[in-house]
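These notes are about the structure you will find just below.
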Number of protein chains: 4
Amino acid sequence: MSGFFGVASKKSCVLDLFFGTDYHSHLGTRRAGMAVYGKNGFNRAIHNIENSPFRTKFDKDLDQFEGGLGIGCISDFESQPLLVHSHLGSFAITTVGRINNLEELKESCFQNGMTHFFEMSTGGINPTELVAALINQKASLVEGLRYVQDVVEGSMSILILTKSGIYCARDKVGRTPIIIGEKETGYCATFESSAFLNLGYHHYKDMGPGEILYMTPNGVEVKQEAGEEMKICSFLWVYYGYPTSTYEGVNVECMRNRCGEILSTRDTNVEVDSVAGVPDSGIAHAVGYSNATKIPFSRPFIKYTPTWPRSFMPTSQSQRNMIAKMKLIPVQELIKDKKLLLIDDSIVRGTQLGETTDFLYQSGAKEVHVRPACPPIMYGCKYLNFSRSSSEMDLITRRVIKDLEGENVSDEVLKEYADPDSERYQNMCEEIRKRSKFTSLRYHRLDDMIESIGLPKCKLCTYCWDGEE
Amino acid sequence: MSGFFGVASKKSCVLDLFFGTDYHSHLGTRRAGMAVYGKNGFNRAIHNIENSPFRTKFDKDLDQFEGGLGIGCISDFESQPLLVHSHLGSFAITTVGRINNLEELKESCFQNGMTHFFEMSTGGINPTELVAALINQKASLVEGLRYVQDVVEGSMSILILTKSGIYCARDKVGRTPIIIGEKETGYCATFESSAFLNLGYHHYKDMGPGEILYMTPNGVEVKQEAGEEMKICSFLWVYYGYPTSTYEGVNVECMRNRCGEILSTRDTNVEVDSVAGVPDSGIAHAVGYSNATKIPFSRPFIKYTPTWPRSFMPTSQSQRNMIAKMKLIPVQELIKDKKLLLIDDSIVRGTQLGETTDFLYQSGAKEVHVRPACPPIMYGCKYLNFSRSSSEMDLITRRVIKDLEGENVSDEVLKEYADPDSERYQNMCEEIRKRSKFTSLRYHRLDDMIESIGLPKCKLCTYCWDGEE
Amino acid sequence: MSGFFGVASKKSCVLDLFFGTDYHSHLGTRRAGMAVYGKNGFNRAIHNIENSPFRTKFDKDLDQFEGGLGIGCISDFESQPLLVHSHLGSFAITTVGRINNLEELKESCFQNGMTHFFEMSTGGINPTELVAALINQKASLVEGLRYVQDVVEGSMSILILTKSGIYCARDKVGRTPIIIGEKETGYCATFESSAFLNLGYHHYKDMGPGEILYMTPNGVEVKQEAGEEMKICSFLWVYYGYPTSTYEGVNVECMRNRCGEILSTRDTNVEVDSVAGVPDSGIAHAVGYSNATKIPFSRPFIKYTPTWPRSFMPTSQSQRNMIAKMKLIPVQELIKDKKLLLIDDSIVRGTQLGETTDFLYQSGAKEVHVRPACPPIMYGCKYLNFSRSSSEMDLITRRVIKDLEGENVSDEVLKEYADPDSERYQNMCEEIRKRSKFTSLRYHRLDDMIESIGLPKCKLCTYCWDGEE
Amino acid sequence: MSGFFGVASKKSCVLDLFFGTDYHSHLGTRRAGMAVYGKNGFNRAIHNIENSPFRTKFDKDLDQFEGGLGIGCISDFESQPLLVHSHLGSFAITTVGRINNLEELKESCFQNGMTHFFEMSTGGINPTELVAALINQKASLVEGLRYVQDVVEGSMSILILTKSGIYCARDKVGRTPIIIGEKETGYCATFESSAFLNLGYHHYKDMGPGEILYMTPNGVEVKQEAGEEMKICSFLWVYYGYPTSTYEGVNVECMRNRCGEILSTRDTNVEVDSVAGVPDSGIAHAVGYSNATKIPFSRPFIKYTPTWPRSFMPTSQSQRNMIAKMKLIPVQELIKDKKLLLIDDSIVRGTQLGETTDFLYQSGAKEVHVRPACPPIMYGCKYLNFSRSSSEMDLITRRVIKDLEGENVSDEVLKEYADPDSERYQNMCEEIRKRSKFTSLRYHRLDDMIESIGLPKCKLCTYCWDGEE
């Protein structure tokens, strides 16, 4: 994932932009950037944040920035924002999304007379540059933004900083959110709604799917109305959104509490000493479960946050191998001789949770009951740059199904495995349980999980669980 | 505070030392250092960690370190470890403590022929250098360590790295802990017991008060038996120890859960919607309270850990002013129209909790009931370098007492204010409640809090609450 | 100016590229870059060198580079080399030159379907990106290079690194040089011929004007024959080339020695104690003068090279103001009561030489006779990015002429001022002498200076002196 | 070697100190430091300058420094200046010198009650700390300085910065210089006299041997008169002093010119095409030779100063091996078919000059006549930290003598080899000539060289040539 933040202010936007962008630090680990427009023109900085936090890297740049308009991003992939000069003028652009038909779009650009793209140091072209090229083929920025929404397969939300204001375009079916905040001095646009709270903004509006706005310090103008269809990613609530954020009116922490609560309603006869969540995102699910069942909540392992706010990559390989297990420190007194019910947000490849469970047994746990806060993940995401699921065959579900059914599994059989009322589903779950040595395993049901969110299913993307596009 | 870690290994100690020291990052914010002894002699690195985490700064040094013996520290004050050459040979030394009679000891050194101390860039002499000077006045390191234990007023725990092993000396009355861990390749000594768990060490022993050990890769030898008297700091459990650590057999997280539980037993008729803790140390107290009362636990504000693992100091003043409030992000859905019971580890100056409460009311909270996890702090700590209480007159208790009693308050009257059964105590609490606009305020009682720890009162330092030395 | 270096080697090209590029450090002060192609694809690094030398900045990158093909540059303006992906494949490109019709060429690109250029952080588009865009409009790199040579007004020499070899294209009329070196393991292409000597290359050939070569580790193939017309910049020898370089068979140091020698032949009755050169480029001219006249050579001021290898920009303004005079340290014993003959490469604005002369008088010099090694500079260079002459009206000649003739001076009158046999020329020189307080002033004559180079005048650009295009 | 600079100013001393210290950059390559006393007390910074120039490293610190009193150093060995706190108060200290009886003095400190010294990261104690310890044994700084002059074997010049002024103590027999400069705002003390010229100071006085001064912004007070005996290092003029400096009234550049001139008087029948100097220090000798003989001066190789202002150490070994030969770039046109007379300041191990000569022959030189500007070096310096002569047996003279005479050579025989009128001397020179393949070799005679300096022999240290202490 990646995240972005934009500000249009009557005063200097720099500190708001700095902190607002920084509050997206959980969404990306590779590059970060800020672009500001002020009386000295555009100014832009991009830094590698693989081994150092955003604030440390950009703190040194702040003196050079001035102006009321700015955009920033935390990016898990390409360098951003880009400064572009075209027949539409000069602008800066940042994006959140994924382009599945990148090769095809690149070729169409070449055919329309585009001569070249820059190559990233990691190879390949910069998707944000491709988006800029597509926009520049049209007669205005708004037409260009519409064109991108039409032709990009995957998802694409965009901020464009011009000399007079900021264009905000949410993905056509709203797979990722953009929220607008307001305060006396102006407006901001943000991926994480909570990013603006401490800066004094209040909620102005959630952008609708495909909506395009033009934001200046003096107001927000709708350039394209929101569309009907919405497919916002459900995983935002389950796993990767920050607990303090609210998307489509639904707060993440509250959804997770509710998710744990509903998850517990189908557990009638489990007897455990405590309920625990795998940090960070499992915690709030576990709190909800505990509050509903009155089974004590506990923290049998605690993340060492002073050191592991994010997974920085050490330079030596010997250190890298040690890192996986270093984030969580156990509290043996809360593990030994205990029956634990453990809630993780999801099970992807199963490796990490398997190791955690091993560790709990080694530390003396008597039972480890696992309750993932969402259904089994059956399909790799094709809409967002979601680092968790690189290949579908890495998924523990697909590996188990392959062992049970052989190499070629039909779509119908797969769908059956995704149905919690089927026998195949039961077999798969039991096999996963055995491999991972969980005392018991029960996944959240999709209908229950959707109820936790509280939005109609048709508004939500549930592709990774049920394959529905 | 500061913290240290030492390793004596048959193999390279470097990675254990690096990660073991890093796990003390919550204890200091100014300097950090590592010293290793190997076939190329001593190697030492010290870095400023005010604006960058330990791991980022020392990662670059790792290639230069080799050897099986090493010590490291996270320091809130002086540069450490120091490399010293004396009639006792060459050694590296790091300390955790506070020297109240520094001037007097410095003069005695001058009188014994010591010619100079180095001056720190912040002025004054480096307390660890003074400790080295005291040690070097004696005929052996062990005699020197005993001498320091005898003459230093305050507290002083020490690690000394020689060419053949590491001397560990715990403070004379054990105000701060040293725990010894063991694994196949050797031993480690650490302030935070949890620092060794992920490195594969198991608990070997807690050092006793005043105990002096000599640690090599092959064993641990007692050089001075532990003393009878112990006065370990109670605040380790209440506030500044890491939840995963266990001192004197009592785990911090468990103590806090129990502390919240016992705290709740005196609340018979409070009606609230949820119980919350002020991050980080209030959380576990709140969990205990919630588990005991079955009142739901909630997180109405969440620390943004990707960014605020620790309070780095930005270079520009305008940013600094914004920082205080930036760490915690509210979840408005969990605040608006809610009656909250809020547990903080303690109230020192009262400023921060007052602002938090203001913020909760502004966000729509109906009631804010406050339950500090320890009694009112009446006396500034004189045993540890404890940044929380710089001047006694900053304490909210002392400010209120001054307003109630005038400038000169006798020790007896002060003692009365510290007695939870006195009327003066009640008046003081009510006054604090009113000033801070808490709906209700009830402090933990000292006897209850001590019960939460579970050690005899005589083993604990409770000076800041009852003035008993 | 800027300079570049390229290598095609059967082994790793990295160290040759690193040192070869570094040997162009006198040609640029803003950005430097290296791009290498190896088994992991392209790798590229660009750094700001305004405050730190090339080697310090790129030393850290060397471990990441591998491969046999590479190009590098020291750039006084834009970030380079650029990594480009187009219908011609992926390549890296670096340029030395100046584009006077940049706006027009940019518009033509837009009309041919190009959608955008990136904007540099300093504003404006990157000229090297424009060159890439022009090349990519054609069906092959060679056609593209030819196209650039045809349409760019100014000058343009180019290196293009592909996956299989390096294309070298010298400016159409050879305003800047490219020399090819050869050794057992392959070939190199360089602006400064001396850059390859210490790396073991020997001279293979000078590229001719407009020539295009394709260079691989195994050979050098002519893709376009050199043209007839040549207009190489005469200033390369007089001032900005490195003394160890040889262009068109004429070594810089030798030309300067000869220049000083011929300059002396018209001085029949000057009586001075010593001949001195203004460091760095005046030195060799002065040596030639001294050797010819037997008047002692001396160094009345010496450049402090440990500190001023190049003019790094300090961050504080107060320092910047001190810098101008800090490079040269006087030797008072060689100045006091002396009659000096001082040779500078040229007089541009006259400010610096005026200050130097003032300083000499203050230090006790009796006479200061000035002999610039080239004629009066009358026209600002329009072919190279030549930082010395930003505006023609900054030239001391033009300011004097304006005072003598008024605002609007006809081209004919200007030409007359450029003729050393005219009265107007004599008046101008006398006026400059008076303003600068030189005891005497005699410029080199253009015909004499051309004789010092030894090439036919038609092969040389002499625009800045006589306005001939 | 090392060098230092001190300022006492009525205004801020910071920029003067920064540039004044920087002008000693040719004297050391390992550490540099600055200490300033102002209204916020002492401030001190020390940086590693092995891979980055002084100005780049300290530029960032300037904002933090304020005050009118400061000292700085460029050090080839230990970290300096040290901030010391003793019964004499707080002060900063920096030294230039060498302590041969360091172990003995360290032991005496221990016996007087000193408990420890710090160990440097490279092992061993910091000589400047030892000097501080010795000073602090006395009742006043001046007594302490005298004591150091008395007990240190080797040489020792010292600057001490106190809260009110700066103590300057020149080595007892003046082996290294200290010059005092004066301007309206105050005074400075410097090793290199030329360091103050561009900062607006004029010469106030040369300190005499053993002299101790106390310098404030308002004046300079003599605390101890200069002694009679002087033994200033002759090599200052021959090799390592900066050409712009003047010690004991004798300028370095002038001495070198004269040295070359006198050197030429004994060459009656040498026929060469040109005279050249090995950069940097050979240049001025060669200029003197050429001016006297009217044989043309030429620069057959030129130092690439933009890159090699100093020998920074690259991190990778493969680069290090390339460095030795990279500094000098040849001008083949000035070498091929030429008979060259080459002047180097001295021949130490002979390796480098041998390689240079090889290179000249390979480049087509017909003859290479070598004229070292000083006599054969026979003894390693024992008075200064002089990196050129680490072991006496590395000297080419001693290796040749060993081959001619066998292992044990008596002092008398050695003295004979040092006598230019002896046959042994002639044999040794001829052997060196043959080994190095010089066409001819003639060293300067000691009496001629002393004449070039112009001071009485008794005032000069000539130990490395004639062994006289």
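Ligands are numbered from 1 in the order shown, chains are lettered A, B, ... in the order of the structure tokens, and residues start at 1 in each chain.
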
ask   = What residues in chain B have any atom no more than 7 Å from chain D when counting only C-alpha atoms, and can you write them as a PyMOL selection string?
value = chain B and resi 42-44+83-86+112-119+121+133+136-137

Spatial neighbours of segment 12-25 of chain C, 6 Å, only C-alpha atoms, chain gap at least 3 places, as a list in words =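 That gives Gly3, Phe5, Ser9, Gly67, Gly68, Gly72, Cys73 and Ala195 of chain C.
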
Store the residues picked out above in a file with N, CA, C and O atoms, as a short mmCIF file (atom, residue, chain, number, x, y, z; two decimals), in the first residue's frame.
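Saved result, part.cif, follows:
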data_model
loop_
_atom_site.label_atom_id
_atom_site.label_comp_id
_atom_site.auth_asym_id
_atom_site.auth_seq_id
_atom_site.Cartn_x
_atom_site.Cartn_y
_atom_site.Cartn_z
N GLY C 3 31.27 17.72 -17.74
CA GLY C 3 32.16 16.78 -18.41
C GLY C 3 31.64 15.37 -18.21
O GLY C 3 30.90 15.11 -17.27
N PHE C 5 32.37 10.84 -18.90
CA PHE C 5 33.31 9.74 -19.09
C PHE C 5 32.50 8.47 -19.28
O PHE C 5 31.52 8.24 -18.58
N SER C 9 34.05 -2.26 -20.94
CA SER C 9 35.15 -3.12 -20.51
C SER C 9 34.74 -4.58 -20.49
O SER C 9 33.58 -4.91 -20.22
N GLY C 67 29.23 -4.46 -13.42
CA GLY C 67 28.98 -4.51 -14.86
C GLY C 67 30.14 -3.94 -15.64
O GLY C 67 31.01 -3.26 -15.08
N GLY C 68 30.14 -4.18 -16.93
CA GLY C 68 31.25 -3.78 -17.78
C GLY C 68 31.03 -2.48 -18.53
O GLY C 68 31.96 -1.92 -19.10
N GLY C 72 29.41 8.27 -16.78
CA GLY C 72 29.32 9.13 -15.60
C GLY C 72 29.50 10.58 -16.01
O GLY C 72 30.02 10.87 -17.09
N CYS C 73 29.07 11.50 -15.15
CA CYS C 73 29.26 12.91 -15.50
C CYS C 73 29.41 13.77 -14.26
O CYS C 73 28.97 13.43 -13.17
N ALA C 195 42.01 12.18 -18.37
CA ALA C 195 41.28 11.39 -17.37
C ALA C 195 41.58 9.91 -17.51
O ALA C 195 41.36 9.14 -16.59
#

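The shell of residues at most 6 Å from Met230 of chain B, with only C-alpha atoms counted and near chain neighbours (fewer than 2 positions) removed, consists of Val173, Gly174, Pro209 and Lys459 of chain B.
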
inquiry  = If DSSP is run on the backbone, what residues of segment 164-295 of chain C are helix (DSSP H, G or I)? A reply as a PyMOL selection string would be ideal.
reply    = chain C and resi 193-199+235-240+252-265+282-293

Leaving out segment 416-425 of chain C and any residue of its chain fewer than 2 positions from it, which residues lie within 8 Å of it when counting only C-alpha atoms, given as a PDB file with C-alpha atoms, in the first residue's frame?
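Saved to around-v8.pdb:
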ATOM      1  CA  PRO C 376      39.462  41.388 -24.444  1.00  0.00           C
ATOM      2  CA  MET C 378      33.601  41.282 -26.051  1.00  0.00           C
ATOM      3  CA  GLU C 412      30.357  47.888 -36.557  1.00  0.00           C
ATOM      4  CA  VAL C 413      31.604  49.995 -33.681  1.00  0.00           C
ATOM      5  CA  LEU C 414      31.798  46.899 -31.505  1.00  0.00           C
ATOM      6  CA  ASN C 427      41.106  53.750 -25.651  1.00  0.00           C
ATOM      7  CA  MET C 428      39.175  50.876 -24.171  1.00  0.00           C
ATOM      8  CA  CYS C 429      42.317  49.174 -22.885  1.00  0.00           C
ATOM      9  CA  ARG C 445      46.358  39.637 -29.685  1.00  0.00           C
ATOM     10  CA  TRP C 465      36.657  37.893 -28.814  1.00  0.00           C
ATOM     11  CA  ASP C 466      35.709  38.827 -32.368  1.00  0.00           C
TER      12      ASP C 466
END

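Those residues that approach Ala32 of chain D to within 6 Å, counting only C-alpha atoms, are Ile46, His47, Cys73, Ile74 and Ser75 of chain D; same-chain residues fewer than 3 positions away are not listed.
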
message = For segment 151-155 of chain D, find every residue with an atom within 10 Å (counting only C-alpha atoms), except residues of its own chain fewer than 3 positions away, and show them as a list in words.
response =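 Non-adjacent residues within range: Thr95, Val96, Gly97, Arg98, Ile99, Asn100, Asn101, Leu102, Glu104, Leu105, Val131, Leu134, Arg146, Tyr147, Val148, Arg170, Asp171, Lys172, Val173, Gly174, Arg175, Thr176, Cys381, Lys382, Tyr383, Leu384 and Asn385 of chain D.
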